[in-house]
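A.B. asks: Starting off with a structure, shown below.
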Amino acid sequence: PAIIRREDYTPFAWLVPETHLDFELGLESTRVTATLKVERNPAAEASPVLRLNGDGLKLESLHCDGEDCAGWAMDGDDLLVTLEGDAHTITIVTRFDPSANSQLMGLFASNGMLCTQCEAEGFRRITFFPDRPDVLSTYTLRMSGPKAQFPVLLSNGNEVATGEDGDNHWAEWHDPWPKPSYLFALVAGQLVANRDTFTTMGGRRVDLAIWVREGDLERTDHAMDSLKRSMKWDEEVFGREYDLDIYNIVAVSDFNMGAMENKGLNVFNTKYVLADADTATDGDFDGVEGVIAHEYFHNWSGNRITCRDWFQLSLKEGFTVLRDQLFSQDMGSEAVCRIGDVRVLRGVQFPEDSGPLAHPIRPDSYREISNFYTSTVYNKGAEVIRMMRSMAGPERFRKGTDLYFERHDGEAATCEDFIRAMEEGAGLDLEQFRLWYRQAGTPKIEASVLHSDKTTLLALKQSVPPTPGQPDKKPMPVPLRIAMFDRATGQHRGEQLVIMDEAQKGINFDGFAEPPILSINRGFTAPVTIERDIADADLAFLAAHDDDPFARYEAMQDLVTRHLVAAADNRLDDAAKASAREAIGQALANIIGDEAVDDLMRGELLVLPSQTYLAEQVLLADPAAIHREREGLKAWLGAELEDLFTAMHSRASKVPYSLDAAAKGARKVKVQALVYLAAGAPDVARAMAWEQYRGADNMTDRQGALMVLAGIDGIERTNALLDFYNRYEGNDLVIDKWFSVQAQSLHPNAIEHVKALADHPDFTLKNPNRVRSLYMAFAANPHAFHAASGEGYRMIADLILQLDPINPQTAARFVTPLGRWRRLEPGRSALMREQLERIAKADKLSRDTYEQVTRSLG
Ligand code: DPP
Ligand code: ZN
């Protein structure tokens, strides 16, 4: 497959001002008549050839200006039409079988309904079209089909006419806003709506509807509430108002992504719509709120201003992730949201940035764009814009975004356009900052405090590691919020924002009698790793006293990380290990007893650094050693602090269920207590978890208890898993949890359990949520996936080979865990590599999987 390069961009030779689509809908056969008004693009180099992209389409007929079309040819899957004049009308008829579309791109069938997914290049599976984001067109659509089968017919924009014709009915929709083809959507099926309204700041009344299958209606209130709050927040914080009279959201259970921001008609994975206390955890509720907001915010950052080409994806995704993060921060706890965002960044993006798939937030080339919907483009992209916000401050940042929205409304823009608007609107000099768009890799900052007499020097060093195709890097501007704590008072004298933009830099401080304690990258102002020269006792001090909650969390993480990395590397003798554990135990005991901390934050402070994060800290990781030490510490803490954990659990158990912060916090620390106790006092934990399971009146408590029980042998394990299945049989999203809990379990036989679950009648490769619930969970299971025999790696490779012909986009996502081979100890490294090579040798691989496997081996 060909490599597509950013530098090769050229504007399209033709404009498509109007697109008319006529769908004759059927689950097994749908016929599409597309009528395109095309005219020469005065801004592009002229070409008589109109390239219309296709993917697996069969052309039934083609007309130019109503006549048989003389000059056409196929070029692979694309249709090339040669045109003499400056303006023409092209009519194209295609027909296909949506029920056979297992890729879930284009028009596909899900549970008897029809729906579309067109981003990035799915529209070309519906009709021949210039399927690229810089071709904006006004869409008018007519669809018709059996009324009994498809009572609800939806598309973008406004419904302009409906009618009946025997057993069939039809609807016409018109979207007044020109848009690229990837934002096109159509839904037809048996759906019911939760309806509400929202009045915009300009006084427009918007009819809101969330469409689901009949039995799911009662689980849509949280999504509706989140939508209304998003609309209001975007008006208040970014000055953005909604621009149509209706806003529809449809939930579908077969979906590759989380959700899709099609203009006026969002299509969502049910996972990010449905939530109630009995079936959704607190994390699920937050996920619904965040994704509803994200897709809504795209209406401005993505739809009104879209991307010129797919290399600019972070223009809409990075910015929109930042917008949804700021929204969630305002709706809940700022510190807890920030910690959660950073955990995702470190757990997914940092490993990506240090592995074979590393790429800048604005990539330079790809074979298959679906592979670039990555944590780098999304989460690091958000961090890059957040840094601009930190440097400008919220008011000036708003001036920058105002200018961007005003200047580029209605356009297909570039990252460079955004940067320029920020420079002018926010008054920032971003010359050197542009490196963040070009360079991959996570910068490392080394910090040490040098003190003599009364002068103090903070010495900073920056390095950006080499990544594939980028051996040499330049220093980038890294904004770091810093505070120095005075040992005499236990306080700092105010924080400052340091822009570290060189390879080396020194900053002087006066007036400290003793060397101060450094608190750096407070609030995580920059997506970098920090190596600071600091004593464990000082980390313990910051973990107990830092007034920046993120820095406090960070100190605690650092304290534990250092210990576990040294222990896994066999660098600690028994005495050193014992004293480090004592220090960590003391710090955790302080946190458990600190009345100034709320439970939501306490829950964060109690989380041990993840296996992935720990593995990232060393060049060649031994997953077994890391797992052994991490579990060993957990067990020691669980035994040592048994009384404190038991008391915390019993205190938190008295808080009744609600969605307020105190109650969510209580549920979080309850699970934490069980997790530690399960490791250190399993008999106590088993009894407590079983009681929590049986008494649960919400999914957070129930799933938390189930997770703990699933890792401990005993009759309670069997009973809880059986009860959970019977209780929720038929509810796909909850049964997904049942699969995940077992696949992720610490149980020694997890591999055998996963094999058995793959044969369970409820398992299917056709549903991406179900596949992920079993195998993504398994690939994240540190002891099972990394079994020394290589069995775990083989299972993931088998899955990729089986899934690739069915759903390549989802299959390719499973290559990432195997791509870590270069960062593992030699034995496992060879076993992983062997599996990648086995996949590479397969007869026929999708472009998606081929690209990921070759990059991973490269
Ligand atoms: N629907 C996906 C998202 O919102 C891709 N645009 O991120
Ligand atoms: Zn998005």
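Ordered as shown in the structure tokens, chains take letters A, B, and onward, while each chain numbers its residues from 1 and ligands are numbered from 1 in the order shown.
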Give me the residues within 7 Å of range 263-267 of chain A as JSON, numbers by chain, counting only C-alpha atoms and dropping any in the same chain fewer than 5 places off.

C.D. replies: {"A": [155, 156, 157, 183, 185, 246, 247, 248, 249, 250, 251, 299, 303]}

A.B. asks: Which parts of range 105-249 of chain A does DSSP call strand (DSSP E) when run on the backbone here, written out as a VMD selection string?

C.D. replies: chain A and resid 106 to 110 113 to 117 137 to 146 152 to 155 158 to 165 168 to 179 186 to 189 192 to 199 205 to 212 246 to 249

A.B. asks: Selection from above, C-alpha atoms, as a short mmCIF file (atom, residue, chain, number, x, y, z; two decimals), in the first residue's frame, can you write it?

C.D. replies:
```cif
data_model
loop_
_atom_site.label_atom_id
_atom_site.label_comp_id
_atom_site.auth_asym_id
_atom_site.auth_seq_id
_atom_site.Cartn_x
_atom_site.Cartn_y
_atom_site.Cartn_z
CA GLY A 106 -19.65 3.27 5.51
CA LEU A 107 -23.28 2.12 5.81
CA PHE A 108 -23.73 -0.94 8.00
CA ALA A 109 -26.41 -2.91 9.80
CA SER A 110 -26.49 -3.14 13.59
CA MET A 113 -31.01 -0.83 12.06
CA LEU A 114 -28.88 0.91 9.47
CA CYS A 115 -26.31 3.53 10.33
CA THR A 116 -23.16 5.12 8.97
CA GLN A 117 -19.59 5.82 10.02
CA SER A 137 -20.46 20.42 -0.03
CA THR A 138 -24.08 21.16 0.86
CA TYR A 139 -25.99 17.91 1.28
CA THR A 140 -29.62 17.17 0.47
CA LEU A 141 -30.80 13.66 1.05
CA ARG A 142 -33.82 11.53 0.40
CA MET A 143 -34.22 8.10 1.91
CA SER A 144 -36.99 5.59 1.57
CA GLY A 145 -37.59 2.13 2.98
CA PRO A 146 -40.06 -0.24 4.64
CA VAL A 152 -37.26 6.42 12.20
CA LEU A 153 -35.26 8.06 9.39
CA LEU A 154 -32.54 10.57 10.37
CA SER A 155 -29.76 12.50 8.69
CA ASN A 158 -33.19 19.55 9.22
CA GLU A 159 -36.00 17.29 8.09
CA VAL A 160 -37.72 19.13 5.24
CA ALA A 161 -40.37 16.67 3.99
CA THR A 162 -41.78 13.22 4.72
CA GLY A 163 -44.31 11.00 3.02
CA GLU A 164 -45.71 7.50 2.61
CA ASP A 165 -45.94 5.19 -0.31
CA ASN A 168 -42.70 2.31 2.38
CA HIS A 169 -42.10 5.78 3.66
CA TRP A 170 -39.53 8.42 2.92
CA ALA A 171 -37.92 11.51 4.38
CA GLU A 172 -35.92 14.40 2.97
CA TRP A 173 -33.20 16.12 4.95
CA HIS A 174 -31.23 19.21 4.16
CA ASP A 175 -28.10 20.40 5.92
CA PRO A 176 -27.52 24.11 5.28
CA TRP A 177 -23.90 23.96 6.47
CA PRO A 178 -21.37 22.88 3.84
CA LYS A 179 -19.37 19.95 5.17
CA LEU A 186 -27.73 8.52 8.09
CA VAL A 187 -29.67 6.36 10.54
CA ALA A 188 -32.75 4.23 9.89
CA GLY A 189 -34.34 1.90 12.40
CA VAL A 192 -37.26 5.74 20.65
CA ALA A 193 -36.16 9.18 21.82
CA ASN A 194 -35.50 10.96 25.05
CA ARG A 195 -36.48 14.51 24.09
CA ASP A 196 -35.66 17.85 25.60
CA THR A 197 -34.92 21.39 24.48
CA PHE A 198 -32.15 23.93 24.91
CA THR A 199 -32.39 27.65 24.27
CA ARG A 205 -34.70 26.90 20.55
CA VAL A 206 -33.00 23.61 19.82
CA ASP A 207 -34.87 20.31 19.94
CA LEU A 208 -32.63 17.68 21.48
CA ALA A 209 -33.20 13.97 21.05
CA ILE A 210 -31.25 10.92 22.18
CA TRP A 211 -32.32 7.86 20.16
CA VAL A 212 -31.94 4.36 21.58
CA ILE A 246 -32.19 20.10 16.10
CA TYR A 247 -29.46 18.02 17.68
CA ASN A 248 -29.80 14.26 17.42
CA ILE A 249 -27.74 11.57 19.10
#
```

A.B. asks: Name the residues in contact with range 833-841 of chain A at a cut-off of 7 Å, using only C-alpha atoms, excluding same-chain residues fewer than 2 positions from it; report them as a PDB file with N, CA and C atoms, in the first residue's frame.

C.D. replies:
```pdb
ATOM      1  N   TYR A 793       1.198 -13.750  24.227  1.00  0.00           N
ATOM      2  CA  TYR A 793       1.517 -13.066  22.966  1.00  0.00           C
ATOM      3  C   TYR A 793       0.900 -13.817  21.790  1.00  0.00           C
ATOM      4  N   ARG A 794       0.975 -15.165  21.879  1.00  0.00           N
ATOM      5  CA  ARG A 794       0.424 -15.989  20.805  1.00  0.00           C
ATOM      6  C   ARG A 794      -1.088 -15.771  20.697  1.00  0.00           C
ATOM      7  N   ALA A 797      -1.779 -12.529  18.928  1.00  0.00           N
ATOM      8  CA  ALA A 797      -1.476 -12.668  17.493  1.00  0.00           C
ATOM      9  C   ALA A 797      -2.571 -13.477  16.787  1.00  0.00           C
ATOM     10  N   LEU A 801      -4.975 -12.137  13.636  1.00  0.00           N
ATOM     11  CA  LEU A 801      -5.134 -12.840  12.360  1.00  0.00           C
ATOM     12  C   LEU A 801      -6.594 -13.201  12.085  1.00  0.00           C
ATOM     13  N   LEU A 818       2.009  -5.772  21.241  1.00  0.00           N
ATOM     14  CA  LEU A 818       3.126  -6.604  20.775  1.00  0.00           C
ATOM     15  C   LEU A 818       4.309  -5.750  20.314  1.00  0.00           C
ATOM     16  N   TRP A 821       8.107  -4.964  22.039  1.00  0.00           N
ATOM     17  CA  TRP A 821       9.157  -5.987  22.193  1.00  0.00           C
ATOM     18  C   TRP A 821      10.547  -5.439  22.457  1.00  0.00           C
ATOM     19  N   SER A 829      11.122 -10.537  24.781  1.00  0.00           N
ATOM     20  CA  SER A 829      11.296  -9.730  23.579  1.00  0.00           C
ATOM     21  C   SER A 829      11.279 -10.623  22.331  1.00  0.00           C
ATOM     22  N   ALA A 830      12.037 -11.732  22.390  1.00  0.00           N
ATOM     23  CA  ALA A 830      12.108 -12.633  21.234  1.00  0.00           C
ATOM     24  C   ALA A 830      10.750 -13.284  20.965  1.00  0.00           C
ATOM     25  N   LEU A 831      10.056 -13.649  22.038  1.00  0.00           N
ATOM     26  CA  LEU A 831       8.754 -14.296  21.858  1.00  0.00           C
ATOM     27  C   LEU A 831       7.735 -13.350  21.223  1.00  0.00           C
ATOM     28  N   ASP A 843      -0.957 -14.458   4.557  1.00  0.00           N
ATOM     29  CA  ASP A 843      -1.221 -14.306   3.124  1.00  0.00           C
ATOM     30  C   ASP A 843      -1.760 -12.939   2.754  1.00  0.00           C
ATOM     31  N   TYR A 850      -1.205  -4.330   8.280  1.00  0.00           N
ATOM     32  CA  TYR A 850       0.101  -4.355   7.611  1.00  0.00           C
ATOM     33  C   TYR A 850       0.962  -3.181   8.076  1.00  0.00           C
ATOM     34  N   VAL A 853       2.098  -3.576  11.783  1.00  0.00           N
ATOM     35  CA  VAL A 853       3.051  -4.664  12.007  1.00  0.00           C
ATOM     36  C   VAL A 853       4.426  -4.306  11.421  1.00  0.00           C
TER      37      VAL A 853
END
```

A.B. asks: Residues of chain A that have any atom at most 10 Å from an atom of ligand 2: could you tabulate them with the shortest-distance atom pair and the distance in Å to one decimal, using only C-alpha atoms and all ligand atoms, ordered by chain and increasing number, as a Markdown table?

C.D. replies:
```
| residue | atom | partner | partner_atom_place_in_ligand_line | distance |
| --- | --- | --- | --- | --- |
| A:Met257 | CA | ligand 2 | 1 (Zn) | 9.8 |
| A:Gly258 | CA | ligand 2 | 1 (Zn) | 9.1 |
| A:Ala259 | CA | ligand 2 | 1 (Zn) | 8.0 |
| A:Met260 | CA | ligand 2 | 1 (Zn) | 7.3 |
| A:Glu261 | CA | ligand 2 | 1 (Zn) | 7.2 |
| A:Val291 | CA | ligand 2 | 1 (Zn) | 8.5 |
| A:Ala293 | CA | ligand 2 | 1 (Zn) | 9.9 |
| A:His294 | CA | ligand 2 | 1 (Zn) | 6.2 |
| A:Glu295 | CA | ligand 2 | 1 (Zn) | 6.2 |
| A:Tyr296 | CA | ligand 2 | 1 (Zn) | 9.4 |
| A:Phe297 | CA | ligand 2 | 1 (Zn) | 8.7 |
| A:His298 | CA | ligand 2 | 1 (Zn) | 6.6 |
| A:Ser301 | CA | ligand 2 | 1 (Zn) | 9.0 |
| A:Gly302 | CA | ligand 2 | 1 (Zn) | 7.9 |
| A:Leu313 | CA | ligand 2 | 1 (Zn) | 9.1 |
| A:Ser314 | CA | ligand 2 | 1 (Zn) | 9.0 |
| A:Lys316 | CA | ligand 2 | 1 (Zn) | 6.8 |
| A:Glu317 | CA | ligand 2 | 1 (Zn) | 4.7 |
| A:Gly318 | CA | ligand 2 | 1 (Zn) | 7.9 |
| A:Phe319 | CA | ligand 2 | 1 (Zn) | 8.8 |
| A:Thr320 | CA | ligand 2 | 1 (Zn) | 6.2 |
| A:Val321 | CA | ligand 2 | 1 (Zn) | 6.9 |
| A:Asp324 | CA | ligand 2 | 1 (Zn) | 9.6 |
| A:Tyr373 | CA | ligand 2 | 1 (Zn) | 9.1 |
| A:Tyr378 | CA | ligand 2 | 1 (Zn) | 7.7 |
```

A.B. asks: Compile the contact shell of Val344 in chain A as a list in words: residues with an atom at most 9 Å away, counting only C-alpha atoms, same-chain residues fewer than 5 positions apart removed.

C.D. replies: Ile339, Gln349, Ser375 and Asn379 of chain A

A.B. asks: If we count only C-alpha atoms, what is near His408 in chain A at a cut-off of 12 Å, once residues fewer than 6 positions away on the same chain are taken out, given as a list in words?

C.D. replies: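 The contact residues come out as Trp300, Ser301, Gly302, Asn303, Arg304, Ile305, Thr306, Cys307, Arg308, Thr401, Asp402, Thr414, Cys415, Glu416, Asp417, Phe418, Arg420 and Ala421 of chain A.
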
A.B. asks: Can you tell me how far CA of Leu614 in chain A sits from CA of Ile626 in chain A, in Å to one decimal?

C.D. replies: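 The value is 7.3 Å.
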
A.B. asks: What gap, in Å, lies between CA of Gly819 in chain A and CA of Gly355 in chain A?

C.D. replies: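 Distance between the two atoms: 7.3 Å.
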
A.B. asks: Residues at most 9 Å from range 740-753 of chain A, counting only C-alpha atoms, excluding those fewer than 5 positions away in the same chain, as a ChimeraX atom specification?

C.D. replies: /A:703,706-708,710-713,721,735,758,772-785,787,791-792

A.B. asks: Please identify the helix (DSSP H, G or I) residues within range 2-149 of chain A (assignment by DSSP from backbone atoms) and present them as a PyMOL selection string.

C.D. replies: chain A and resi 6-8+98-100+123-125

A.B. asks: List as a VMD selection string the protein and nucleic acid residues near Tyr728 in chain A, meaning an atom at most 12 Å away when only C-alpha atoms are counted, but skip any in the same chain fewer than 6 places from it.

C.D. replies: chain A and resid 278 to 280 699 702 721 to 722 734 to 738

A.B. asks: Once you have the residues from the selection above, write them out as a tab-separated table (two decimals), in the first residue's frame, restricted to C-alpha atoms.

C.D. replies:
```tsv
chain	number	residue	atom	x	y	z
A	278	ASP	CA	-27.52	-0.26	38.48
A	279	THR	CA	-25.52	-0.78	35.29
A	280	ALA	CA	-22.86	1.96	35.07
A	699	MET	CA	-22.50	-0.91	39.74
A	702	ARG	CA	-20.72	-4.34	42.62
A	721	LEU	CA	-19.34	-14.44	38.73
A	722	LEU	CA	-22.39	-16.64	38.28
A	734	VAL	CA	-22.65	-5.07	31.57
A	735	ILE	CA	-21.77	-8.46	30.13
A	736	ASP	CA	-18.72	-6.70	28.63
A	737	LYS	CA	-17.69	-5.93	32.21
A	738	TRP	CA	-18.13	-9.59	33.10
```

A.B. asks: Can you measure CA of Tyr613 in chain A to CA of Gly290 in chain A for me? One decimal in Å is fine.

C.D. replies: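 That distance, rounded to one decimal, is 24.1 Å.
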
A.B. asks: Counting only C-alpha atoms, figure out which residue out of A:Met388, A:Leu36, A:Leu619, A:Ala576 gets nearest to Thr89 in chain A.

C.D. replies: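 Comparing A:Met388, A:Leu36, A:Leu619, A:Ala576 against Thr89 in chain A, the winner is A:Leu36.
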
A.B. asks: Looking at only C-alpha atoms and all ligand atoms, which of A:Cys69, A:Leu217, A:Ala596, A:Ile292 is the one that sits closest to ligand 1?

C.D. replies: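 Closest residue, counting only C-alpha atoms and all ligand atoms: A:Ile292.
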
A.B. asks: Measuring atom to atom with only C-alpha atoms and all ligand atoms, identify which of A:Cys118, A:Leu497, A:Ile592, A:Gly54 is nearest to ligand 1.

C.D. replies: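 Among the listed residues, A:Cys118 lies closest to ligand 1.
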